[in-house]
$ cat start-v8.tsv   # TSV, N, CA and C atoms
chain	number	residue	atom	x	y	z
A	156	MET	N	0.85	-1.18	0.00
A	156	MET	CA	0.00	0.00	0.00
A	156	MET	C	0.90	1.24	0.00
A	157	SER	N	0.49	2.28	-0.67
A	157	SER	CA	1.34	3.46	-0.78
A	157	SER	C	0.65	4.69	-0.23
A	158	LEU	N	1.48	5.70	-0.02
A	158	LEU	CA	0.99	7.00	0.42
A	158	LEU	C	0.99	7.92	-0.78
A	159	ASN	N	-0.09	8.66	-0.96
A	159	ASN	CA	-0.18	9.58	-2.08
A	159	ASN	C	-0.02	11.04	-1.68
A	160	GLN	N	-0.05	11.29	-0.38
A	160	GLN	CA	0.06	12.68	0.09
A	160	GLN	C	0.76	12.70	1.44
A	161	TRP	N	1.20	13.89	1.83
A	161	TRP	CA	1.84	14.06	3.13
A	161	TRP	C	0.79	13.92	4.22
A	162	THR	N	1.12	13.15	5.26
A	162	THR	CA	0.19	12.88	6.35
A	162	THR	C	0.89	13.07	7.68
A	163	LYS	N	0.26	13.81	8.59
A	163	LYS	CA	0.81	13.97	9.93
A	163	LYS	C	0.68	12.64	10.66
A	164	VAL	N	1.80	12.17	11.22
A	164	VAL	CA	1.78	10.88	11.91
A	164	VAL	C	2.16	10.98	13.38
A	165	ALA	N	2.84	12.07	13.78
A	165	ALA	CA	3.28	12.19	15.17
A	165	ALA	C	3.75	13.61	15.43
A	166	ALA	N	3.93	13.90	16.70
A	166	ALA	CA	4.57	15.15	17.12
A	166	ALA	C	6.04	14.84	17.39
A	167	VAL	N	6.89	15.85	17.25
A	167	VAL	CA	8.32	15.67	17.46
A	167	VAL	C	8.60	15.03	18.82
A	168	GLU	N	7.88	15.45	19.86
A	168	GLU	CA	8.14	14.91	21.20
A	168	GLU	C	7.70	13.46	21.36
A	169	ASP	N	6.97	12.91	20.38
A	169	ASP	CA	6.53	11.51	20.46
A	169	ASP	C	7.64	10.51	20.16
A	170	VAL	N	8.71	10.99	19.52
A	170	VAL	CA	9.79	10.08	19.10
A	170	VAL	C	11.11	10.53	19.73
A	171	PRO	N	11.46	9.96	20.88
A	171	PRO	CA	12.73	10.31	21.51
A	171	PRO	C	13.93	9.91	20.65
A	172	GLU	N	15.05	10.54	20.88
A	172	GLU	CA	16.28	10.22	20.16
A	172	GLU	C	16.63	8.74	20.32
A	173	ASP	N	17.05	8.13	19.21
A	173	ASP	CA	17.45	6.72	19.16
A	173	ASP	C	16.33	5.77	19.58
A	174	GLU	N	15.10	6.12	19.22
A	174	GLU	CA	13.96	5.24	19.47
A	174	GLU	C	13.08	5.22	18.24
A	175	MET	N	12.11	4.31	18.24
A	175	MET	CA	11.16	4.21	17.13
A	175	MET	C	9.78	3.89	17.68
A	176	ILE	N	8.78	4.27	16.89
A	176	ILE	CA	7.39	4.01	17.27
A	176	ILE	C	6.63	3.54	16.04
A	177	GLY	N	5.52	2.87	16.27
A	177	GLY	CA	4.63	2.50	15.20
A	177	GLY	C	3.54	3.55	15.06
A	178	VAL	N	3.30	3.99	13.83
A	178	VAL	CA	2.26	4.98	13.55
A	178	VAL	C	1.48	4.51	12.31
A	179	THR	N	0.40	5.21	12.01
A	179	THR	CA	-0.39	4.89	10.83
A	179	THR	C	-0.60	6.14	10.00
A	180	ALA	N	-0.41	6.01	8.70
A	180	ALA	CA	-0.67	7.09	7.74
A	180	ALA	C	-1.70	6.55	6.75
A	181	GLY	N	-2.94	6.98	6.92
A	181	GLY	CA	-4.01	6.41	6.11
A	181	GLY	C	-4.16	4.94	6.47
A	182	GLN	N	-3.98	4.06	5.48
A	182	GLN	CA	-4.05	2.62	5.71
A	182	GLN	C	-2.67	1.98	5.88
A	183	VAL	N	-1.62	2.79	5.85
A	183	VAL	CA	-0.26	2.27	5.87
A	183	VAL	C	0.31	2.31	7.29
A	184	LYS	N	0.80	1.15	7.74
A	184	LYS	CA	1.48	1.08	9.04
A	184	LYS	C	2.94	1.46	8.82
A	185	ILE	N	3.41	2.39	9.64
A	185	ILE	CA	4.74	2.97	9.47
A	185	ILE	C	5.57	2.76	10.74
A	186	CYS	N	6.83	2.40	10.56
A	186	CYS	CA	7.81	2.40	11.64
A	186	CYS	C	8.56	3.72	11.52
A	187	LEU	N	8.43	4.57	12.52
A	187	LEU	CA	9.03	5.90	12.51
A	187	LEU	C	10.16	5.93	13.52
A	188	ALA	N	11.37	6.24	13.06
A	188	ALA	CA	12.56	6.24	13.92
A	188	ALA	C	13.23	7.60	13.90
A	189	ARG	N	13.94	7.89	15.00
A	189	ARG	CA	14.72	9.13	15.10
A	189	ARG	C	16.14	8.77	15.51
A	190	VAL	N	17.09	9.16	14.65
A	190	VAL	CA	18.50	8.89	14.91
A	190	VAL	C	19.29	10.15	14.61
A	191	LYS	N	20.04	10.62	15.59
A	191	LYS	CA	20.86	11.84	15.46
A	191	LYS	C	20.05	13.01	14.93
A	192	GLY	N	18.82	13.14	15.43
A	192	GLY	CA	17.96	14.25	15.08
A	192	GLY	C	17.25	14.13	13.75
A	193	LYS	N	17.51	13.06	13.01
A	193	LYS	CA	16.87	12.84	11.71
A	193	LYS	C	15.80	11.77	11.86
A	194	TYR	N	14.70	11.95	11.14
A	194	TYR	CA	13.58	11.00	11.19
A	194	TYR	C	13.60	10.12	9.95
A	195	TYR	N	13.28	8.85	10.16
A	195	TYR	CA	13.21	7.86	9.10
A	195	TYR	C	11.87	7.15	9.18
A	196	ALA	N	11.30	6.81	8.03
A	196	ALA	CA	10.02	6.11	8.00
A	196	ALA	C	10.11	4.94	7.02
A	197	MET	N	9.66	3.79	7.48
A	197	MET	CA	9.61	2.60	6.63
A	197	MET	C	8.33	1.86	6.92
A	198	ASN	N	7.94	0.99	6.00
A	198	ASN	CA	6.77	0.17	6.24
A	198	ASN	C	7.02	-0.63	7.51
A	199	ASP	N	6.01	-0.70	8.37
A	199	ASP	CA	6.17	-1.33	9.68
A	199	ASP	C	5.97	-2.85	9.64
A	200	ILE	N	5.69	-3.40	8.48
A	200	ILE	CA	5.43	-4.83	8.38
A	200	ILE	C	6.63	-5.53	7.74
A	201	CYS	N	7.19	-6.50	8.46
A	201	CYS	CA	8.34	-7.25	7.96
A	201	CYS	C	7.99	-7.93	6.64
A	202	SER	N	8.93	-7.90	5.70
A	202	SER	CA	8.69	-8.52	4.39
A	202	SER	C	8.79	-10.05	4.44
A	203	HIS	N	9.33	-10.59	5.49
A	203	HIS	CA	9.46	-12.04	5.62
A	203	HIS	C	8.23	-12.66	6.29
A	204	PHE	N	7.77	-12.03	7.36
A	204	PHE	CA	6.63	-12.55	8.10
A	204	PHE	C	5.90	-11.35	8.68
A	205	ALA	N	4.62	-11.30	8.51
A	205	ALA	CA	3.83	-10.10	8.82
A	205	ALA	C	3.80	-9.78	10.31
A	206	THR	N	4.88	-9.20	10.78
A	206	THR	CA	4.94	-8.72	12.16
A	206	THR	C	5.43	-7.28	12.14
A	207	ARG	N	5.13	-6.52	13.19
A	207	ARG	CA	5.47	-5.09	13.21
A	207	ARG	C	6.93	-4.87	13.58
A	208	LEU	N	7.65	-4.21	12.69
A	208	LEU	CA	9.06	-3.92	12.92
A	208	LEU	C	9.26	-2.97	14.10
A	209	SER	N	8.29	-2.09	14.34
A	209	SER	CA	8.42	-1.13	15.44
A	209	SER	C	8.45	-1.82	16.81
A	210	GLY	N	8.10	-3.10	16.86
A	210	GLY	CA	8.20	-3.87	18.10
A	210	GLY	C	9.56	-4.51	18.27
A	211	GLY	N	10.45	-4.28	17.33
A	211	GLY	CA	11.79	-4.86	17.37
A	211	GLY	C	12.81	-3.93	17.99
A	212	GLU	N	14.03	-4.07	17.56
A	212	GLU	CA	15.16	-3.33	18.11
A	212	GLU	C	15.69	-2.34	17.07
A	213	LEU	N	16.01	-1.13	17.52
A	213	LEU	CA	16.64	-0.12	16.67
A	213	LEU	C	18.14	-0.14	16.93
A	214	TYR	N	18.92	-0.18	15.86
A	214	TYR	CA	20.37	-0.11	15.94
A	214	TYR	C	20.80	1.22	15.33
A	215	PRO	N	20.88	2.27	16.14
A	215	PRO	CA	21.15	3.62	15.61
A	215	PRO	C	22.48	3.74	14.87
A	216	ASP	N	23.53	3.10	15.36
A	216	ASP	CA	24.83	3.23	14.70
A	216	ASP	C	24.85	2.61	13.32
A	217	GLN	N	24.04	1.59	13.10
A	217	GLN	CA	23.97	0.94	11.79
A	217	GLN	C	22.80	1.44	10.95
A	218	LEU	N	21.95	2.29	11.54
A	218	LEU	CA	20.73	2.76	10.88
A	218	LEU	C	19.90	1.56	10.40
A	219	GLU	N	19.67	0.62	11.33
A	219	GLU	CA	18.91	-0.58	11.03
A	219	GLU	C	17.86	-0.85	12.09
A	220	VAL	N	16.82	-1.54	11.66
A	220	VAL	CA	15.75	-2.01	12.53
A	220	VAL	C	15.73	-3.53	12.45
A	221	GLU	N	15.67	-4.18	13.62
A	221	GLU	CA	15.63	-5.64	13.67
A	221	GLU	C	14.21	-6.12	13.96
A	222	CYS	N	13.76	-7.05	13.15
A	222	CYS	CA	12.43	-7.64	13.33
A	222	CYS	C	12.41	-8.43	14.64
A	223	PRO	N	11.35	-8.29	15.44
A	223	PRO	CA	11.31	-8.99	16.72
A	223	PRO	C	11.05	-10.50	16.59
A	224	LEU	N	10.65	-10.95	15.42
A	224	LEU	CA	10.27	-12.35	15.28
A	224	LEU	C	11.43	-13.25	14.86
A	225	HIS	N	12.10	-12.90	13.76
A	225	HIS	CA	13.16	-13.77	13.25
A	225	HIS	C	14.50	-13.05	13.09
A	226	ASP	N	14.64	-11.86	13.66
A	226	ASP	CA	15.92	-11.13	13.71
A	226	ASP	C	16.44	-10.62	12.37
A	227	SER	N	15.61	-10.56	11.34
A	227	SER	CA	16.04	-9.90	10.11
A	227	SER	C	16.25	-8.42	10.41
A	228	ARG	N	17.24	-7.83	9.77
A	228	ARG	CA	17.48	-6.39	9.93
A	228	ARG	C	17.23	-5.69	8.61
A	229	PHE	N	16.66	-4.47	8.73
A	229	PHE	CA	16.34	-3.66	7.55
A	229	PHE	C	16.98	-2.29	7.67
A	230	SER	N	17.50	-1.79	6.57
A	230	SER	CA	18.10	-0.47	6.52
A	230	SER	C	17.03	0.62	6.60
A	231	LEU	N	17.25	1.59	7.47
A	231	LEU	CA	16.36	2.76	7.52
A	231	LEU	C	16.52	3.63	6.28
A	232	ILE	N	17.64	3.52	5.61
A	232	ILE	CA	17.94	4.35	4.44
A	232	ILE	C	17.15	3.89	3.21
A	233	ASP	N	17.21	2.59	2.91
A	233	ASP	CA	16.58	2.12	1.67
A	233	ASP	C	15.67	0.90	1.86
A	234	GLY	N	15.50	0.44	3.09
A	234	GLY	CA	14.59	-0.68	3.36
A	234	GLY	C	15.14	-2.04	3.02
A	235	SER	N	16.41	-2.11	2.61
A	235	SER	CA	16.98	-3.40	2.20
A	235	SER	C	17.23	-4.30	3.42
A	236	PRO	N	17.04	-5.61	3.25
A	236	PRO	CA	17.30	-6.54	4.34
A	236	PRO	C	18.81	-6.81	4.45
A	237	HIS	N	19.30	-6.84	5.69
A	237	HIS	CA	20.73	-7.08	5.92
A	237	HIS	C	20.98	-8.38	6.66
A	238	GLU	N	19.94	-9.04	7.09
A	238	GLU	CA	20.07	-10.33	7.77
A	238	GLU	C	18.95	-11.23	7.29
A	239	VAL	N	19.25	-12.52	7.13
A	239	VAL	CA	18.21	-13.48	6.77
A	239	VAL	C	17.34	-13.74	8.00
A	240	PRO	N	16.11	-14.18	7.84
A	240	PRO	CA	15.58	-14.82	6.65
A	240	PRO	C	14.92	-13.87	5.64
A	241	ALA	N	14.76	-12.59	5.95
A	241	ALA	CA	14.13	-11.67	4.99
A	241	ALA	C	15.01	-11.51	3.76
A	242	GLU	N	14.37	-11.49	2.59
A	242	GLU	CA	15.10	-11.30	1.33
A	242	GLU	C	14.56	-10.14	0.52
A	243	GLU	N	13.38	-9.63	0.90
A	243	GLU	CA	12.77	-8.52	0.17
A	243	GLU	C	12.84	-7.24	0.99
A	244	CYS	N	12.99	-6.13	0.27
A	244	CYS	CA	13.02	-4.82	0.91
A	244	CYS	C	11.64	-4.46	1.48
A	245	VAL	N	11.63	-3.57	2.44
A	245	VAL	CA	10.39	-2.94	2.86
A	245	VAL	C	10.41	-1.51	2.30
A	246	ASP	N	9.24	-0.95	2.06
A	246	ASP	CA	9.16	0.40	1.52
A	246	ASP	C	9.66	1.42	2.52
A	247	VAL	N	10.31	2.45	2.02
A	247	VAL	CA	10.69	3.60	2.84
A	247	VAL	C	9.92	4.81	2.33
A	248	TYR	N	9.73	5.79	3.21
A	248	TYR	CA	8.92	6.95	2.90
A	248	TYR	C	9.68	8.23	3.23
A	249	ALA	N	9.32	9.27	2.55
A	249	ALA	CA	9.89	10.59	2.82
A	249	ALA	C	9.32	11.11	4.14
A	250	VAL	N	10.14	11.87	4.86
A	250	VAL	CA	9.73	12.46	6.14
A	250	VAL	C	10.09	13.93	6.13
A	251	LYS	N	9.18	14.74	6.66
A	251	LYS	CA	9.51	16.15	6.87
A	251	LYS	C	8.89	16.60	8.18
A	252	VAL	N	9.51	17.64	8.76
A	252	VAL	CA	9.02	18.20	10.01
A	252	VAL	C	8.53	19.61	9.72
A	253	GLU	N	7.31	19.90	10.14
A	253	GLU	CA	6.73	21.24	10.03
A	253	GLU	C	6.33	21.67	11.43
A	254	GLY	N	7.09	22.64	11.96
A	254	GLY	CA	6.84	23.05	13.34
A	254	GLY	C	7.17	21.90	14.26
A	255	ASP	N	6.18	21.45	15.04
A	255	ASP	CA	6.42	20.31	15.92
A	255	ASP	C	5.73	19.04	15.42
A	256	GLU	N	5.33	19.04	14.14
A	256	GLU	CA	4.64	17.89	13.56
A	256	GLU	C	5.55	17.12	12.60
A	257	ILE	N	5.47	15.80	12.67
A	257	ILE	CA	6.20	14.94	11.75
A	257	ILE	C	5.22	14.44	10.70
A	258	LEU	N	5.58	14.64	9.43
A	258	LEU	CA	4.75	14.20	8.32
A	258	LEU	C	5.50	13.15	7.50
A	259	VAL	N	4.75	12.16	7.04
A	259	VAL	CA	5.31	11.13	6.17
A	259	VAL	C	4.62	11.26	4.83
A	260	GLY	N	5.42	11.13	3.76
A	260	GLY	CA	4.86	11.35	2.43
A	260	GLY	C	5.12	10.22	1.48
A	261	PRO	N	4.88	10.48	0.20
A	261	PRO	CA	5.00	9.46	-0.83
A	261	PRO	C	6.31	8.72	-0.76
A	262	ARG	N	6.23	7.45	-1.10
A	262	ARG	CA	7.39	6.58	-1.07
A	262	ARG	C	8.50	7.16	-1.91
A	263	GLU	N	9.72	7.08	-1.40
A	263	GLU	CA	10.86	7.52	-2.18
A	263	GLU	C	11.23	6.43	-3.17
A	264	SER	N	11.53	6.84	-4.37
A	264	SER	CA	11.98	5.87	-5.36
A	264	SER	C	13.47	5.64	-5.18
A	265	LYS	N	13.98	4.56	-5.78
A	265	LYS	CA	15.41	4.28	-5.70
A	265	LYS	C	16.20	5.45	-6.28
A	266	ALA	N	15.71	6.07	-7.32
A	266	ALA	CA	16.40	7.22	-7.94
A	266	ALA	C	16.50	8.38	-6.95
A	267	ASP	N	15.46	8.56	-6.12
A	267	ASP	CA	15.49	9.63	-5.12
A	267	ASP	C	16.55	9.38	-4.06
A	268	ARG	N	16.83	8.10	-3.77
A	268	ARG	CA	17.76	7.75	-2.71
A	268	ARG	C	19.19	7.72	-3.18
A	269	ASP	N	19.43	7.57	-4.47
A	269	ASP	CA	20.81	7.47	-4.99
A	269	ASP	C	21.48	8.82	-5.08

$ encode --input "start-v8.tsv" --output "structure tokens"
Amino acid sequence: MSLNQWTKVAAVEDVPEDEMIGVTAGQVKICLARVKGKYYAMNDICSHFATRLSGGELYPDQLEVECPLHDSRFSLIDGSPHEVPAEECVDVYAVKVEGDEILVGPRESKADRD
């Protein structure tokens, strides 16, 4: 499922440094993380087994999220899996802050990330 417009998902104070939370933008479940003052958003559902990534572990130094079920790790940058058993990427989304609100927007394409 994709996002077609910018959607407010949280307030800045809802996401402490080096932590992540699960939020919803329309029908899309999002894992929202904050590392070194920057916000990252990815699909909150593991591509290997439908469990919420926001219930897992955040590795700020590696910019990765670990699935709580089978320990697959996903890049916050591009959604790529870095540990098995996951083999498929999860979607990543653009994030912007307006005032004290965090908004998540349309999925970034690979060209946008390169």

$ closest_residue --input "start-v8.tsv" --among "A:Ser235, A:Gln160, A:Gly211, A:Arg189" --to "Glu174 (chain A)" --atoms "all atoms listed in the file"
A:Arg189

$ closest_residue --input "start-v8.tsv" --among "A:Asp246, A:Asp173, A:Ala241, A:Cys201" --to "Leu213 (chain A)" --atoms "only C-alpha atoms"
A:Asp173

$ residues_near_point --input "start-v8.tsv" --point "(10.2, -11.0, 10.7)" --cutoff "6.5 Å" --atoms "all atoms listed in the file" --output "VMD selection string"
chain A and resid 201 to 206 222 to 227

$ write_last_selection --input "start-v8.tsv" --atoms "N, CA and C atoms" --output "mmCIF file, in the frame of the given file"
data_model
loop_
_atom_site.group_PDB
_atom_site.id
_atom_site.type_symbol
_atom_site.label_atom_id
_atom_site.label_comp_id
_atom_site.auth_asym_id
_atom_site.auth_seq_id
_atom_site.Cartn_x
_atom_site.Cartn_y
_atom_site.Cartn_z
ATOM 1 N N CYS A 201 7.190 -6.500 8.460
ATOM 2 C CA CYS A 201 8.340 -7.250 7.960
ATOM 3 C C CYS A 201 7.990 -7.930 6.640
ATOM 4 N N SER A 202 8.930 -7.900 5.700
ATOM 5 C CA SER A 202 8.690 -8.520 4.390
ATOM 6 C C SER A 202 8.790 -10.050 4.440
ATOM 7 N N HIS A 203 9.330 -10.590 5.490
ATOM 8 C CA HIS A 203 9.460 -12.040 5.620
ATOM 9 C C HIS A 203 8.230 -12.660 6.290
ATOM 10 N N PHE A 204 7.770 -12.030 7.360
ATOM 11 C CA PHE A 204 6.630 -12.550 8.100
ATOM 12 C C PHE A 204 5.900 -11.350 8.680
ATOM 13 N N ALA A 205 4.620 -11.300 8.510
ATOM 14 C CA ALA A 205 3.830 -10.100 8.820
ATOM 15 C C ALA A 205 3.800 -9.780 10.310
ATOM 16 N N THR A 206 4.880 -9.200 10.780
ATOM 17 C CA THR A 206 4.940 -8.720 12.160
ATOM 18 C C THR A 206 5.430 -7.280 12.140
ATOM 19 N N CYS A 222 13.760 -7.050 13.150
ATOM 20 C CA CYS A 222 12.430 -7.640 13.330
ATOM 21 C C CYS A 222 12.410 -8.430 14.640
ATOM 22 N N PRO A 223 11.350 -8.290 15.440
ATOM 23 C CA PRO A 223 11.310 -8.990 16.720
ATOM 24 C C PRO A 223 11.050 -10.500 16.590
ATOM 25 N N LEU A 224 10.650 -10.950 15.420
ATOM 26 C CA LEU A 224 10.270 -12.350 15.280
ATOM 27 C C LEU A 224 11.430 -13.250 14.860
ATOM 28 N N HIS A 225 12.100 -12.900 13.760
ATOM 29 C CA HIS A 225 13.160 -13.770 13.250
ATOM 30 C C HIS A 225 14.500 -13.050 13.090
ATOM 31 N N ASP A 226 14.640 -11.860 13.660
ATOM 32 C CA ASP A 226 15.920 -11.130 13.710
ATOM 33 C C ASP A 226 16.440 -10.620 12.370
ATOM 34 N N SER A 227 15.610 -10.560 11.340
ATOM 35 C CA SER A 227 16.040 -9.900 10.110
ATOM 36 C C SER A 227 16.250 -8.420 10.410
#

$ select_by_dssp --input "start-v8.tsv" --residues "chain A" --states "strand (DSSP E)" --output "PyMOL selection string"
chain A and resi 162-166+174-180+183-190+193-198+212-214+219-221+228-230+247-253+256-262

$ write_last_selection --input "start-v8.tsv" --atoms "N, CA and C atoms" --output "short mmCIF file (atom, residue, chain, number, x, y, z; two decimals), in the coordinates of the input"
data_model
loop_
_atom_site.label_atom_id
_atom_site.label_comp_id
_atom_site.auth_asym_id
_atom_site.auth_seq_id
_atom_site.Cartn_x
_atom_site.Cartn_y
_atom_site.Cartn_z
N THR A 162 1.12 13.15 5.26
CA THR A 162 0.19 12.88 6.35
C THR A 162 0.89 13.07 7.68
N LYS A 163 0.26 13.81 8.59
CA LYS A 163 0.81 13.97 9.93
C LYS A 163 0.68 12.64 10.66
N VAL A 164 1.80 12.17 11.22
CA VAL A 164 1.78 10.88 11.91
C VAL A 164 2.16 10.98 13.38
N ALA A 165 2.84 12.07 13.78
CA ALA A 165 3.28 12.19 15.17
C ALA A 165 3.75 13.61 15.43
N ALA A 166 3.93 13.90 16.70
CA ALA A 166 4.57 15.15 17.12
C ALA A 166 6.04 14.84 17.39
N GLU A 174 15.10 6.12 19.22
CA GLU A 174 13.96 5.24 19.47
C GLU A 174 13.08 5.22 18.24
N MET A 175 12.11 4.31 18.24
CA MET A 175 11.16 4.21 17.13
C MET A 175 9.78 3.89 17.68
N ILE A 176 8.78 4.27 16.89
CA ILE A 176 7.39 4.01 17.27
C ILE A 176 6.63 3.54 16.04
N GLY A 177 5.52 2.87 16.27
CA GLY A 177 4.63 2.50 15.20
C GLY A 177 3.54 3.55 15.06
N VAL A 178 3.30 3.99 13.83
CA VAL A 178 2.26 4.98 13.55
C VAL A 178 1.48 4.51 12.31
N THR A 179 0.40 5.21 12.01
CA THR A 179 -0.39 4.89 10.83
C THR A 179 -0.60 6.14 10.00
N ALA A 180 -0.41 6.01 8.70
CA ALA A 180 -0.67 7.09 7.74
C ALA A 180 -1.70 6.55 6.75
N VAL A 183 -1.62 2.79 5.85
CA VAL A 183 -0.26 2.27 5.87
C VAL A 183 0.31 2.31 7.29
N LYS A 184 0.80 1.15 7.74
CA LYS A 184 1.48 1.08 9.04
C LYS A 184 2.94 1.46 8.82
N ILE A 185 3.41 2.39 9.64
CA ILE A 185 4.74 2.97 9.47
C ILE A 185 5.57 2.76 10.74
N CYS A 186 6.83 2.40 10.56
CA CYS A 186 7.81 2.40 11.64
C CYS A 186 8.56 3.72 11.52
N LEU A 187 8.43 4.57 12.52
CA LEU A 187 9.03 5.90 12.51
C LEU A 187 10.16 5.93 13.52
N ALA A 188 11.37 6.24 13.06
CA ALA A 188 12.56 6.24 13.92
C ALA A 188 13.23 7.60 13.90
N ARG A 189 13.94 7.89 15.00
CA ARG A 189 14.72 9.13 15.10
C ARG A 189 16.14 8.77 15.51
N VAL A 190 17.09 9.16 14.65
CA VAL A 190 18.50 8.89 14.91
C VAL A 190 19.29 10.15 14.61
N LYS A 193 17.51 13.06 13.01
CA LYS A 193 16.87 12.84 11.71
C LYS A 193 15.80 11.77 11.86
N TYR A 194 14.70 11.95 11.14
CA TYR A 194 13.58 11.00 11.19
C TYR A 194 13.60 10.12 9.95
N TYR A 195 13.28 8.85 10.16
CA TYR A 195 13.21 7.86 9.10
C TYR A 195 11.87 7.15 9.18
N ALA A 196 11.30 6.81 8.03
CA ALA A 196 10.02 6.11 8.00
C ALA A 196 10.11 4.94 7.02
N MET A 197 9.66 3.79 7.48
CA MET A 197 9.61 2.60 6.63
C MET A 197 8.33 1.86 6.92
N ASN A 198 7.94 0.99 6.00
CA ASN A 198 6.77 0.17 6.24
C ASN A 198 7.02 -0.63 7.51
N GLU A 212 14.03 -4.07 17.56
CA GLU A 212 15.16 -3.33 18.11
C GLU A 212 15.69 -2.34 17.07
N LEU A 213 16.01 -1.13 17.52
CA LEU A 213 16.64 -0.12 16.67
C LEU A 213 18.14 -0.14 16.93
N TYR A 214 18.92 -0.18 15.86
CA TYR A 214 20.37 -0.11 15.94
C TYR A 214 20.80 1.22 15.33
N GLU A 219 19.67 0.62 11.33
CA GLU A 219 18.91 -0.58 11.03
C GLU A 219 17.86 -0.85 12.09
N VAL A 220 16.82 -1.54 11.66
CA VAL A 220 15.75 -2.01 12.53
C VAL A 220 15.73 -3.53 12.45
N GLU A 221 15.67 -4.18 13.62
CA GLU A 221 15.63 -5.64 13.67
C GLU A 221 14.21 -6.12 13.96
N ARG A 228 17.24 -7.83 9.77
CA ARG A 228 17.48 -6.39 9.93
C ARG A 228 17.23 -5.69 8.61
N PHE A 229 16.66 -4.47 8.73
CA PHE A 229 16.34 -3.66 7.55
C PHE A 229 16.98 -2.29 7.67
N SER A 230 17.50 -1.79 6.57
CA SER A 230 18.10 -0.47 6.52
C SER A 230 17.03 0.62 6.60
N VAL A 247 10.31 2.45 2.02
CA VAL A 247 10.69 3.60 2.84
C VAL A 247 9.92 4.81 2.33
N TYR A 248 9.73 5.79 3.21
CA TYR A 248 8.92 6.95 2.90
C TYR A 248 9.68 8.23 3.23
N ALA A 249 9.32 9.27 2.55
CA ALA A 249 9.89 10.59 2.82
C ALA A 249 9.32 11.11 4.14
N VAL A 250 10.14 11.87 4.86
CA VAL A 250 9.73 12.46 6.14
C VAL A 250 10.09 13.93 6.13
N LYS A 251 9.18 14.74 6.66
CA LYS A 251 9.51 16.15 6.87
C LYS A 251 8.89 16.60 8.18
N VAL A 252 9.51 17.64 8.76
CA VAL A 252 9.02 18.20 10.01
C VAL A 252 8.53 19.61 9.72
N GLU A 253 7.31 19.90 10.14
CA GLU A 253 6.73 21.24 10.03
C GLU A 253 6.33 21.67 11.43
N GLU A 256 5.33 19.04 14.14
CA GLU A 256 4.64 17.89 13.56
C GLU A 256 5.55 17.12 12.60
N ILE A 257 5.47 15.80 12.67
CA ILE A 257 6.20 14.94 11.75
C ILE A 257 5.22 14.44 10.70
N LEU A 258 5.58 14.64 9.43
CA LEU A 258 4.75 14.20 8.32
C LEU A 258 5.50 13.15 7.50
N VAL A 259 4.75 12.16 7.04
CA VAL A 259 5.31 11.13 6.17
C VAL A 259 4.62 11.26 4.83
N GLY A 260 5.42 11.13 3.76
CA GLY A 260 4.86 11.35 2.43
C GLY A 260 5.12 10.22 1.48
N PRO A 261 4.88 10.48 0.20
CA PRO A 261 5.00 9.46 -0.83
C PRO A 261 6.31 8.72 -0.76
N ARG A 262 6.23 7.45 -1.10
CA ARG A 262 7.39 6.58 -1.07
C ARG A 262 8.50 7.16 -1.91
#

$ atom_distance --input "start-v8.tsv" --atom1 "atom N of Val239 (chain A)" --atom2 "atom N of Cys186 (chain A)"
19.7 Å

$ select_by_dssp --input "start-v8.tsv" --residues "chain A" --states "helix (DSSP H, G or I)" --output "PyMOL selection string"
chain A and resi 167-169+208-210+265-268

$ closest_residue --input "start-v8.tsv" --among "A:Val220, A:Val190, A:Cys244, A:Ala196" --to "Val164 (chain A)" --atoms "only C-alpha atoms"
A:Ala196

$ atom_distance --input "start-v8.tsv" --atom1 "CA of Thr162 (chain A)" --atom2 "CA of Ser230 (chain A)"
22.3 Å

$ atom_distance --input "start-v8.tsv" --atom1 "atom N of Asp199 (chain A)" --atom2 "atom N of Lys184 (chain A)"
5.6 Å
